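Undergrad: Structure file upload_33.txt (compact mmCIF, C-alpha atoms) is given on the next line.
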# COMPACT_ATOMS: atom_id res chain seq x y z
CA MET M 21 -41.77 -31.98 30.35
CA ALA M 22 -43.33 -31.76 26.91
CA PHE M 23 -43.48 -28.00 27.33
CA LEU M 24 -39.70 -27.84 27.69
CA THR M 25 -39.21 -30.20 24.75
CA ALA M 26 -41.38 -28.05 22.46
CA LEU M 27 -39.71 -24.89 23.77
CA SER M 28 -36.26 -26.27 22.93
CA GLY M 29 -37.52 -26.89 19.40
CA LEU M 30 -38.69 -23.28 19.16
CA ASN M 31 -35.34 -22.01 20.42
CA ALA M 32 -33.46 -24.25 18.00
CA SER M 33 -35.55 -23.08 15.05
CA GLN M 34 -35.08 -19.45 16.09
CA THR M 35 -31.30 -19.99 16.30
CA SER M 36 -31.26 -21.61 12.87
CA ILE M 37 -33.23 -18.68 11.43
CA SER M 38 -30.79 -16.21 13.05
CA VAL M 39 -27.75 -18.00 11.61
CA THR M 40 -29.32 -18.26 8.17
CA SER M 41 -30.39 -14.59 8.26
CA ASN M 42 -26.83 -13.57 9.11
CA ASN M 43 -25.53 -15.58 6.14
CA ILE M 44 -28.02 -13.90 3.82
CA ALA M 45 -27.23 -10.43 5.22
CA ASN M 46 -23.50 -10.95 4.49
CA VAL M 47 -23.81 -12.45 1.03
CA GLY M 48 -22.10 -9.31 -0.32
CA THR M 49 -19.42 -9.09 2.41
CA ILE M 50 -15.90 -9.64 1.03
CA GLY M 51 -14.19 -12.67 2.55
CA PHE M 52 -17.22 -13.64 4.68
CA HIS M 53 -17.56 -17.28 5.72
CA GLY M 54 -21.03 -18.70 6.04
CA ALA M 55 -22.07 -20.61 9.15
CA ARG M 56 -24.51 -23.31 10.12
CA ALA M 57 -26.14 -24.16 13.44
CA GLU M 58 -25.46 -27.72 14.60
CA PHE M 59 -27.82 -29.27 17.17
CA GLY M 60 -27.81 -32.35 19.33
CA ASP M 61 -30.65 -34.29 20.98
CA VAL M 62 -31.05 -34.29 24.76
CA TYR M 63 -31.76 -37.31 26.97
CA SER M 64 -32.16 -37.48 30.71
CA ASN M 65 -30.54 -40.68 31.93
CA SER M 66 -30.41 -42.27 35.35
CA LEU M 67 -29.08 -45.48 36.78
CA PHE M 68 -32.51 -47.06 36.65
CA SER M 69 -33.65 -45.83 33.24
CA ASP M 70 -35.01 -48.41 30.85
CA ALA M 71 -33.28 -47.88 27.51
CA ARG M 72 -36.31 -49.36 25.73
CA THR M 73 -38.67 -46.66 26.99
CA GLN M 74 -36.46 -43.55 27.03
CA ILE M 75 -37.97 -40.42 25.51
CA GLY M 76 -35.83 -37.49 24.44
CA SER M 77 -36.00 -34.12 26.19
CA GLY M 78 -35.63 -31.93 23.13
CA THR M 79 -32.62 -30.42 21.41
CA ARG M 80 -29.76 -28.06 22.17
CA LEU M 81 -27.27 -26.01 20.20
CA ASN M 82 -23.90 -27.77 20.06
CA ARG M 83 -22.06 -25.12 18.03
CA VAL M 84 -22.28 -22.63 15.21
CA ALA M 85 -19.76 -24.00 12.69
CA GLN M 86 -18.02 -21.76 10.16
CA ASP M 87 -17.69 -22.86 6.56
CA PHE M 88 -14.11 -22.01 5.56
CA GLY M 89 -14.57 -23.21 2.00
CA GLN M 90 -13.19 -21.12 -0.87
CA GLY M 91 -15.37 -18.25 -2.06
CA SER M 92 -15.50 -17.18 -5.68
CA LEU M 93 -12.74 -14.83 -6.92
CA ALA M 94 -13.57 -11.53 -8.60
CA THR M 95 -11.01 -9.49 -10.55
CA THR M 96 -10.49 -5.80 -9.71
CA SER M 97 -8.22 -3.02 -10.98
CA ASN M 98 -6.54 -2.39 -7.60
CA SER M 99 -3.21 -4.16 -7.07
CA LEU M 100 -3.72 -3.92 -3.29
CA ASP M 101 -6.84 -6.11 -3.53
CA LEU M 102 -5.55 -9.53 -2.50
CA ALA M 103 -7.04 -13.02 -2.40
CA LEU M 104 -5.78 -16.44 -1.38
CA SER M 105 -6.52 -19.38 -3.65
CA GLY M 106 -6.30 -22.24 -1.18
CA SER M 107 -5.85 -22.42 2.56
CA GLY M 108 -4.60 -19.70 4.85
CA PHE M 109 -5.42 -16.24 6.19
CA PHE M 110 -3.90 -12.79 5.96
CA GLN M 111 -2.49 -11.64 9.27
CA LEU M 112 -3.67 -8.27 10.53
CA MET M 113 -2.22 -6.01 13.20
CA THR M 114 -5.07 -4.35 15.01
CA THR M 115 -3.33 -1.83 17.31
CA GLY M 116 -0.96 1.07 16.75
CA GLU M 117 2.14 -0.98 17.45
CA GLY M 118 0.70 -4.21 16.08
CA GLN M 119 0.78 -6.20 19.36
CA GLU M 120 -2.58 -7.86 18.65
CA ARG M 121 -3.12 -10.14 15.68
CA ALA M 122 -6.24 -10.98 13.74
CA TYR M 123 -6.71 -13.17 10.67
CA THR M 124 -8.91 -12.74 7.63
CA ARG M 125 -9.59 -13.82 4.07
CA ALA M 126 -10.99 -10.39 3.19
CA GLY M 127 -8.22 -8.81 1.10
CA ALA M 128 -9.62 -5.36 0.31
CA PHE M 129 -6.66 -3.17 1.30
CA MET M 130 -5.64 0.44 0.76
CA LEU M 131 -3.00 2.92 1.93
CA ASP M 132 -3.55 5.13 4.96
CA ALA M 133 -2.03 8.58 5.51
CA GLN M 134 1.26 7.06 6.77
CA GLY M 135 1.54 4.65 3.83
CA TYR M 136 0.53 1.54 5.78
CA VAL M 137 -1.54 -1.08 3.95
CA VAL M 138 -4.80 -1.29 5.92
CA ASN M 139 -8.33 -2.61 5.58
CA ALA M 140 -11.51 -0.58 6.02
CA ALA M 141 -11.34 -1.06 9.81
CA GLY M 142 -7.81 0.36 9.95
CA ALA M 143 -6.07 -2.95 10.74
CA LYS M 144 -2.62 -3.18 9.14
CA LEU M 145 -1.57 -5.99 6.82
CA ALA M 146 1.35 -7.99 8.24
CA SER M 147 4.43 -8.83 6.21
CA PHE M 148 7.84 -10.42 6.54
CA PRO M 149 10.79 -8.00 6.23
CA THR M 150 12.84 -8.31 3.04
CA ALA M 151 16.01 -6.90 1.54
CA LEU M 152 15.65 -4.39 -1.27
CA ASN M 153 16.18 -7.20 -3.79
CA GLY M 154 13.26 -9.20 -2.37
CA THR M 155 15.25 -11.73 -0.30
CA PRO M 156 13.25 -12.57 2.88
CA LEU M 157 15.06 -11.55 6.07
CA SER M 158 12.77 -13.46 8.43
CA ILE M 159 9.80 -15.84 8.22
CA ASN M 160 9.12 -15.82 11.96
CA GLU M 161 8.53 -12.18 12.83
CA THR M 162 6.06 -9.96 11.01
CA GLN M 163 5.71 -6.20 10.80
CA PRO M 164 3.12 -3.82 9.34
CA LEU M 165 3.50 -3.49 5.57
CA GLN M 166 4.27 0.11 4.68
CA ILE M 167 4.49 1.58 1.19
CA PRO M 168 5.88 5.14 1.54
CA THR M 169 4.58 7.59 -1.04
CA THR M 170 8.11 8.98 -1.51
CA ARG M 171 11.59 7.49 -1.31
CA GLY M 172 15.02 9.07 -0.93
CA GLU M 173 16.23 12.23 0.78
CA ALA M 174 16.47 15.77 -0.46
CA ARG M 175 19.99 16.93 -1.33
CA ALA M 176 21.06 20.44 -2.31
CA THR M 177 22.81 20.99 -5.63
CA GLY M 178 26.60 21.08 -5.34
CA THR M 179 27.64 20.96 -8.99
CA VAL M 180 25.83 21.84 -12.19
CA THR M 181 27.31 20.39 -15.37
CA MET M 182 26.25 22.49 -18.37
CA PRO M 183 28.48 22.40 -21.46
CA THR M 184 27.52 25.27 -23.73
CA ARG M 185 27.63 26.02 -27.45
CA VAL M 186 28.72 29.59 -28.11
CA PRO M 187 28.18 30.94 -31.65
CA THR M 188 31.04 32.23 -33.77
CA GLY M 189 31.33 35.53 -35.56
CA VAL M 190 29.07 38.48 -34.91
CA ALA M 191 26.44 36.18 -33.37
CA GLY M 192 28.86 35.52 -30.50
CA GLN M 193 28.13 39.01 -29.15
CA GLY M 194 24.47 38.13 -28.67
CA GLY M 195 22.49 41.04 -27.23
CA GLN M 196 25.50 42.76 -25.77
CA ALA M 197 25.86 46.37 -26.98
CA ALA M 198 29.65 46.51 -27.01
CA VAL M 199 32.70 44.28 -26.45
CA PRO M 200 33.98 44.84 -23.92
CA SER M 201 30.75 46.12 -22.39
CA ALA M 202 30.63 49.84 -21.78
CA VAL M 203 28.40 49.37 -18.73
CA ALA M 204 28.66 47.16 -15.67
CA PHE M 205 26.77 43.90 -15.74
CA ASP M 206 23.15 44.28 -14.73
CA ARG M 207 20.70 41.44 -15.22
CA ALA M 208 17.96 44.02 -15.78
CA ASP M 209 19.94 45.53 -18.68
CA ALA M 210 19.96 43.05 -21.57
CA SER M 211 22.61 45.09 -23.38
CA SER M 212 25.13 44.42 -20.60
CA PHE M 213 25.49 40.69 -21.38
CA ALA M 214 25.57 38.51 -24.46
CA PHE M 215 23.55 35.47 -23.38
CA SER M 216 21.67 34.04 -20.40
CA THR M 217 20.22 30.66 -19.52
CA PRO M 218 18.22 29.21 -16.65
CA VAL M 219 20.15 26.83 -14.40
CA SER M 220 18.71 23.83 -12.57
CA VAL M 221 19.49 24.24 -8.86
CA LEU M 222 17.85 22.63 -5.80
CA ASP M 223 17.95 23.78 -2.18
CA ASP M 224 18.48 21.47 0.81
CA GLN M 225 14.74 20.68 0.86
CA GLY M 226 14.81 19.51 -2.74
CA ARG M 227 12.92 22.57 -3.96
CA SER M 228 13.79 24.18 -7.26
CA MET M 229 15.40 27.61 -7.01
CA ASN M 230 15.31 30.48 -9.50
CA ALA M 231 18.83 30.42 -10.89
CA GLU M 232 20.24 31.98 -14.04
CA ALA M 233 23.71 32.15 -15.61
CA PHE M 234 24.85 35.14 -17.68
CA TYR M 235 27.64 35.29 -20.28
CA VAL M 236 29.36 38.67 -20.69
CA MET M 237 31.66 38.80 -23.73
CA THR M 238 34.99 40.36 -22.76
CA LYS M 239 37.05 39.54 -25.84
CA ALA M 240 36.00 39.07 -29.45
CA PRO M 241 38.41 37.49 -31.96
CA ASP M 242 40.40 39.92 -34.09
CA ALA M 243 43.36 39.90 -36.45
CA VAL M 244 45.83 40.12 -33.59
CA ASP M 245 44.22 37.72 -31.12
CA ALA M 246 41.70 35.11 -32.24
CA THR M 247 40.68 34.28 -28.66
CA THR M 248 37.00 34.44 -27.63
CA ARG M 249 36.28 35.10 -23.95
CA TYR M 250 33.24 35.42 -21.69
CA ASP M 251 32.89 36.22 -17.99
CA LEU M 252 30.30 34.19 -16.10
CA HIS M 253 27.76 35.60 -13.65
CA LEU M 254 25.36 33.51 -11.57
CA GLU M 255 22.29 34.69 -9.69
CA ILE M 256 20.13 32.52 -7.44
CA ASP M 257 16.80 33.76 -6.17
CA GLY M 258 17.82 37.28 -7.18
CA ILE M 259 21.10 37.17 -5.22
CA ALA M 260 24.39 37.48 -7.09
CA ALA M 261 26.71 34.55 -6.46
CA VAL M 262 30.33 35.49 -5.83
CA PRO M 263 33.01 33.52 -7.72
CA THR M 264 35.87 32.23 -5.58
CA GLY M 265 38.27 32.30 -8.53
CA ALA M 266 38.29 33.04 -12.24
CA ALA M 267 34.78 32.74 -13.65
CA GLU M 268 35.51 32.61 -17.34
CA ILE M 269 34.98 30.50 -20.43
CA ALA M 270 37.32 30.99 -23.42
CA PHE M 271 38.28 29.45 -26.77
CA ASP M 272 41.42 29.88 -28.89
CA GLY M 273 41.50 30.58 -32.60
CA ASP M 274 40.98 26.89 -33.37
CA ALA M 275 37.77 26.82 -31.26
CA VAL M 276 39.47 24.75 -28.58
CA GLN M 277 38.24 25.50 -25.05
CA ILE M 278 41.09 27.01 -23.02
CA ALA M 279 39.22 28.33 -19.95
CA GLY M 280 36.30 26.94 -17.98
CA THR M 281 37.56 23.38 -18.36
CA THR M 282 37.43 22.94 -14.57
CA PRO M 283 34.37 23.72 -12.40
CA VAL M 284 33.88 27.37 -11.59
CA ALA M 285 33.06 27.84 -7.89
CA PHE M 286 30.47 30.34 -6.65
CA THR M 287 29.24 31.09 -3.14
CA VAL M 288 25.79 32.43 -2.32
CA ALA M 289 23.84 32.63 0.94
CA GLY M 290 26.44 30.53 2.74
CA ARG M 291 26.53 27.67 0.25
CA SER M 292 28.88 26.76 -2.60
CA ILE M 293 27.81 25.85 -6.13
CA ASN M 294 30.11 24.78 -8.94
CA LEU M 295 29.39 25.37 -12.61
CA ASP M 296 31.12 22.79 -14.77
CA LEU M 297 31.38 24.10 -18.35
CA SER M 298 33.90 21.56 -19.60
CA GLY M 299 33.00 20.20 -23.02
CA SER M 300 31.72 23.54 -24.26
CA GLU M 301 32.22 24.41 -27.91
CA LEU M 302 32.57 27.41 -30.19
CA LYS M 303 30.54 26.71 -33.29
CA GLY M 304 28.26 28.37 -35.79
CA GLY M 305 24.55 28.57 -35.06
CA ASP M 306 22.66 29.81 -32.01
CA PHE M 307 23.66 29.89 -28.38
CA ASN M 308 22.59 26.67 -26.67
CA VAL M 309 23.16 24.66 -23.53
CA LEU M 310 24.19 21.25 -24.84
CA SER M 311 23.11 19.40 -21.70
CA MET M 312 22.43 20.10 -18.05
CA ARG M 313 22.86 17.82 -15.05
CA GLN M 314 22.94 18.69 -11.38
CA ASP M 315 23.81 16.46 -8.45
CA GLY M 316 20.99 17.58 -6.15
CA ASP M 317 18.16 15.20 -5.44
CA VAL M 318 14.49 15.20 -4.46
CA PRO M 319 12.44 12.45 -2.83
CA ARG M 320 10.96 10.37 -5.65
CA GLY M 321 7.22 9.82 -5.74
CA LEU M 322 5.61 6.40 -5.81
CA THR M 323 4.96 5.41 -9.42
CA SER M 324 3.54 1.90 -9.17
CA VAL M 325 3.06 -1.06 -6.83
CA GLN M 326 3.22 -4.71 -7.86
CA ILE M 327 2.64 -7.73 -5.64
CA ALA M 328 4.22 -10.93 -6.93
CA ASP M 329 2.79 -14.43 -6.58
CA ASP M 330 5.23 -15.15 -3.74
CA GLY M 331 3.87 -12.15 -1.82
CA VAL M 332 6.84 -9.83 -2.30
CA VAL M 333 5.67 -6.23 -2.65
CA TRP M 334 7.63 -4.30 -5.29
CA ALA M 335 7.43 -0.53 -5.59
CA ASN M 336 8.73 1.81 -8.26
CA TYR M 337 9.72 5.36 -7.35
CA GLY M 338 10.21 7.98 -10.01
CA GLY M 339 10.64 5.42 -12.78
CA GLY M 340 13.78 3.96 -11.19
CA ASP M 341 14.53 0.37 -10.21
CA LEU M 342 11.95 -1.71 -8.38
CA VAL M 343 12.56 -2.07 -4.63
CA ALA M 344 11.04 -4.71 -2.34
CA LEU M 345 9.19 -3.39 0.70
CA GLY M 346 8.15 -6.67 2.34
CA GLN M 347 6.52 -10.05 1.76
CA VAL M 348 2.85 -10.64 2.56
CA ALA M 349 2.58 -13.14 5.43
CA VAL M 350 0.06 -15.99 5.37
CA ALA M 351 -1.12 -17.84 8.48
CA ASN M 352 -2.78 -21.21 8.97
CA PHE M 353 -4.17 -23.16 11.92
CA SER M 354 -4.43 -26.82 12.86
CA ASN M 355 -8.12 -26.34 13.74
CA THR M 356 -9.76 -23.47 11.90
CA GLN M 357 -13.11 -24.30 13.54
CA GLY M 358 -11.56 -23.20 16.82
CA LEU M 359 -11.02 -19.61 15.62
CA GLN M 360 -12.92 -16.89 17.46
CA SER M 361 -15.00 -14.57 15.26
CA LEU M 362 -14.22 -10.87 15.73
CA GLY M 363 -16.46 -9.33 13.08
CA ASN M 364 -15.34 -7.60 9.88
CA ALA M 365 -14.75 -11.11 8.45
CA SER M 366 -11.77 -11.53 10.79
CA TYR M 367 -10.84 -14.03 13.49
CA ALA M 368 -8.57 -14.41 16.48
CA GLU M 369 -6.64 -17.50 17.45
CA SER M 370 -7.82 -19.39 20.53
CA ARG M 371 -6.82 -22.38 22.60
CA ASP M 372 -9.00 -24.56 20.39
CA SER M 373 -7.54 -23.29 17.11
CA GLY M 374 -3.93 -23.66 18.18
CA PRO M 375 -1.23 -21.07 17.44
CA ALA M 376 -0.86 -19.49 14.02
CA VAL M 377 1.67 -21.09 11.69
CA LEU M 378 3.22 -18.49 9.39
CA GLY M 379 4.55 -18.94 5.89
CA ALA M 380 4.83 -17.37 2.45
CA PRO M 381 2.12 -17.64 -0.21
CA GLY M 382 2.45 -20.73 -2.39
CA GLU M 383 4.46 -22.74 0.11
CA ASP M 384 3.25 -26.15 1.27
CA GLY M 385 0.16 -25.69 3.42
CA PHE M 386 -0.50 -22.14 2.22
CA GLY M 387 -2.65 -20.91 -0.64
CA ASP M 388 -1.48 -19.01 -3.70
CA LEU M 389 -1.65 -15.22 -3.61
CA ARG M 390 -3.56 -13.31 -6.27
CA SER M 391 -3.16 -9.55 -6.66
CA GLY M 392 -6.00 -7.47 -8.11
CA VAL M 393 -8.51 -10.14 -6.99
CA LEU M 394 -11.02 -10.32 -4.13
CA GLU M 395 -12.57 -13.40 -2.56
CA GLN M 396 -16.34 -13.07 -2.31
CA ALA M 397 -18.53 -14.49 0.47
CA ASN M 398 -18.82 -18.27 0.21
CA VAL M 399 -22.58 -18.14 0.83
CA ASP M 400 -24.94 -20.00 -1.53
CA LEU M 401 -27.95 -17.71 -1.50
CA THR M 402 -30.33 -20.30 -2.95
CA GLY M 403 -29.34 -22.85 -0.31
CA GLN M 404 -29.78 -20.28 2.45
CA LEU M 405 -33.30 -19.46 1.29
CA VAL M 406 -34.16 -23.15 1.40
CA ASN M 407 -32.71 -23.37 4.91
CA LEU M 408 -34.78 -20.38 5.93
CA ILE M 409 -37.99 -22.02 4.74
CA THR M 410 -37.07 -25.26 6.51
CA ALA M 411 -36.33 -23.46 9.77
CA GLN M 412 -39.64 -21.60 9.49
CA ARG M 413 -41.53 -24.89 9.07
CA ASN M 414 -39.68 -26.37 12.06
CA TYR M 415 -40.58 -23.33 14.14
CA GLN M 416 -44.26 -23.65 13.19
CA ALA M 417 -44.23 -27.35 14.03
CA SER M 418 -42.62 -26.77 17.44
CA ALA M 419 -45.13 -24.02 18.12
CA LYS M 420 -47.93 -26.45 17.24
CA ALA M 421 -46.49 -29.04 19.64
CA LEU M 422 -46.40 -26.39 22.37
CA GLU M 423 -50.01 -25.44 21.62
CA THR M 424 -51.10 -29.09 21.74
CA GLU M 425 -49.43 -29.62 25.11
CA SER M 426 -51.18 -26.50 26.38
CA GLN M 427 -54.56 -27.79 25.21
CA LEU M 428 -53.98 -31.16 26.90
CA SER M 429 -53.10 -29.46 30.14
CA GLN M 430 -56.19 -27.29 29.89
CA THR M 431 -58.34 -30.40 29.30
CA ILE M 432 -57.01 -31.96 32.49
CA MET M 433 -57.68 -28.75 34.40
CA ASN M 434 -61.30 -28.76 33.18
CA MET M 435 -62.04 -32.38 34.26
CA ARG M 436 -64.57 -32.75 37.08
CA GLY M 437 -65.03 -35.83 39.14
Show me the file's structure as structure tokens.

TA:
Amino acid sequence: MAFLTALSGLNASQTSISVTSNNIANVGTIGFHGARAEFGDVYSNSLFSDARTQIGSGTRLNRVAQDFGQGSLATTSNSLDLALSGSGFFQLMTTGEGQERAYTRAGAFMLDAQGYVVNAAGAKLASFPTALNGTPLSINETQPLQIPTTRGEARATGTVTMPTRVPTGVAGQGGQAAVPSAVAFDRADASSFAFSTPVSVLDDQGRSMNAEAFYVMTKAPDAVDATTRYDLHLEIDGIAAVPTGAAEIAFDGDAVQIAGTTPVAFTVAGRSINLDLSGSELKGGDFNVLSMRQDGDVPRGLTSVQIADDGVVWANYGGGDLVALGQVAVANFSNTQGLQSLGNASYAESRDSGPAVLGAPGEDGFGDLRSGVLEQANVDLTGQLVNLITAQRNYQASAKALETESQLSQTIMNMRG
């Protein structure tokens, strides 16, 4: 019997060393929770046992208990690094559709190729859906948090607004050789037009096109007629756009615009583009486009991500307004010691832990959320080294007890009558 008692001591010491070694090995693991081995003594009882003379039968492992105490917080420069100050766990979705849930305090997250916020193991961070203004839409159902790298849809240019300043006097002829021109307009012949300017035009994929507008002077002011007139030509990707009506800009003798005050329509490659030259002016100086705006659009790239204390994730696209993409969900359990360890500093709920209770960061029963912060392992390295030495001494002592029992047995075997 003493053999089994000593052997249980050896096994217990070995288990304690294993648990302590695992704590030491994970001292640098983000969000890791240390553990301790808890043992209980063993007695063999019967109906006729005398309580005054009972001798224990060794020890056994009752459980390996996790220490869910707060680890130290370290500041980082990544806004997707998250930590909870207080109770609670981040919820993770561990499959493609997120049917399975895991829970962790390790908040080192990043974006994957689809824009989902994931940890190093590829599990997706769960969030509550929100409206664009940050108002939560549900606090019961969670979904994977996704931060798209672009926002918005591409839209082809329909109208370009480009009021123009045309110079007065001789300068109004620009590079044109004669007024009216003695040769047909040819973009390759700079003497066939007075001025040209690039035009901002997008195709239906949001890509910039090579577009250019040309001004051909058809009427210079004279003593009889002080009107100044130009015909407009538009080319896009080397193809001449065809005007559907009069394509002209003109000013009277008082420099008041009398033509081109409504958009000039062009068709090219099956699409229509309007040039709006209203607000143009005839004035001394050089030829200039006063301003240019076009109504096409391109998907806007992600500029920045901010995560508020209440867990709402705000994203900025192209320097526009902030939009909310979701609210980080926090989970808690009635019995955290009942959680099942999964590895990667994550856990699964079990019958002993009870179901997960979800809430927002900072609410009653849930810790505060910190962005740009990581929770370190809650392992006290000095204490673990002391535990290791203690377990080693216990192992040596149990081994000595086993050796002593062996020697006693051998003595009995060697007795001769």

Undergrad: Taking 5 positions as the minimum chain separation for residues in the same chain, which residues sit within 7 Å of stretch 276-291 of chain M when counting only C-alpha atoms? Answer as a list in words.

TA: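 Listing them by chain and then by number gives Ala261, Val262, Pro263, Thr264, Gly265, Ala267, Glu268, Ile269, Ala270, Phe271, Asp296, Leu297, Ser298, Ser300 and Glu301 of chain M.
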
Undergrad: Taking C-alpha atoms for each residue, export the selection above as a compact mmCIF listing (two decimals), in the frame of the given file.

TA:
# COMPACT_ATOMS: atom_id res chain seq x y z
CA ALA M 261 26.71 34.55 -6.46
CA VAL M 262 30.33 35.49 -5.83
CA PRO M 263 33.01 33.52 -7.72
CA THR M 264 35.87 32.23 -5.58
CA GLY M 265 38.27 32.30 -8.53
CA ALA M 267 34.78 32.74 -13.65
CA GLU M 268 35.51 32.61 -17.34
CA ILE M 269 34.98 30.50 -20.43
CA ALA M 270 37.32 30.99 -23.42
CA PHE M 271 38.28 29.45 -26.77
CA ASP M 296 31.12 22.79 -14.77
CA LEU M 297 31.38 24.10 -18.35
CA SER M 298 33.90 21.56 -19.60
CA SER M 300 31.72 23.54 -24.26
CA GLU M 301 32.22 24.41 -27.91

Undergrad: Quick one: pull the distance between atom CA of M:Ile50 and atom CA of M:Thr115, Å, one decimal.

TA: 22.0 Å

Undergrad: Just how far from atom CA of M:Ser107 is atom CA of M:Gly358, in Å to one decimal?

TA: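 It comes out at 15.4 Å.
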
Undergrad: What box, with edges along x, y and z, holds each listed atom of stretch 287-296 of chain M when 3 Å is added on every side, and can you state its centre and edge lengths in Å to one decimal, as JSON?

TA:
{"center_x": 27.5, "center_y": 27.7, "center_z": -6.0, "size_x": 13.3, "size_y": 15.8, "size_z": 23.5}

Undergrad: Rank M:Met237, M:Ile293, M:Leu362, M:Val343 by their smallest atom-to-atom distance to M:Gly192, using only C-alpha atoms, and report the top residue only.

TA: M:Met237

Undergrad: Enumerate, in order of chain and increasing residue number, the residues of stretch 126-194 of chain M with an atom no farther than 12 Å from stretch 26-49 of chain M, each with its shortest atom pair and distance in Å to one decimal, counting all atoms listed in the file, as JSON lines.

TA:
{"residue": "M:Ala126", "atom": "CA", "partner": "M:Thr49", "partner_atom": "CA", "distance": 8.6}
{"residue": "M:Gly127", "atom": "CA", "partner": "M:Thr49", "partner_atom": "CA", "distance": 11.3}
{"residue": "M:Ala128", "atom": "CA", "partner": "M:Thr49", "partner_atom": "CA", "distance": 10.7}

Undergrad: Hey, which of M:Gly189, M:Gly226, M:Gly339, M:Gly89 ends up closest to M:Ala246? Count all atoms listed in the file.

TA: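 Of all the options, M:Gly189 lies closest to M:Ala246.
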
Undergrad: Find the residues around M:Gly338 up to 6 Å (all atoms listed in the file counted), leave out those fewer than 6 positions away in its own chain, and share them as a ChimeraX atom specification.

TA: /M:320-321,323

Undergrad: When distances are computed from only C-alpha atoms, which of M:Ala260, M:Ala328, M:Ile432, M:Leu93 shows the smallest separation from M:Val348?

TA: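 Smallest distance to M:Val348 is found for M:Ala328.
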
Undergrad: Using only C-alpha atoms, which of M:Gly392, M:Gly60, M:Gly135, M:Gly363 sits nearest M:Ile167?

TA: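 Checking each candidate against M:Ile167, we get M:Gly135 as the closest.
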
Undergrad: Measuring between only C-alpha atoms, which one of M:Thr410, M:Thr169, M:Thr150, M:Thr184 shows the shortest distance to M:Tyr337?

TA: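 That would be M:Thr169, the residue with the smallest distance to M:Tyr337.
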
Undergrad: Just to confirm, what's the straight-line distance from atom CA of M:Asn355 to atom CA of M:Gly374 in Å (one decimal)?

TA: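 Pair atom CA of M:Asn355 / atom CA of M:Gly374 returns 6.7 Å.
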
Undergrad: Counting all atoms listed in the file, which of M:Ala421, M:Ala376, M:Leu428, M:Ala94 gets nearest to M:Gly78?

TA: M:Ala421
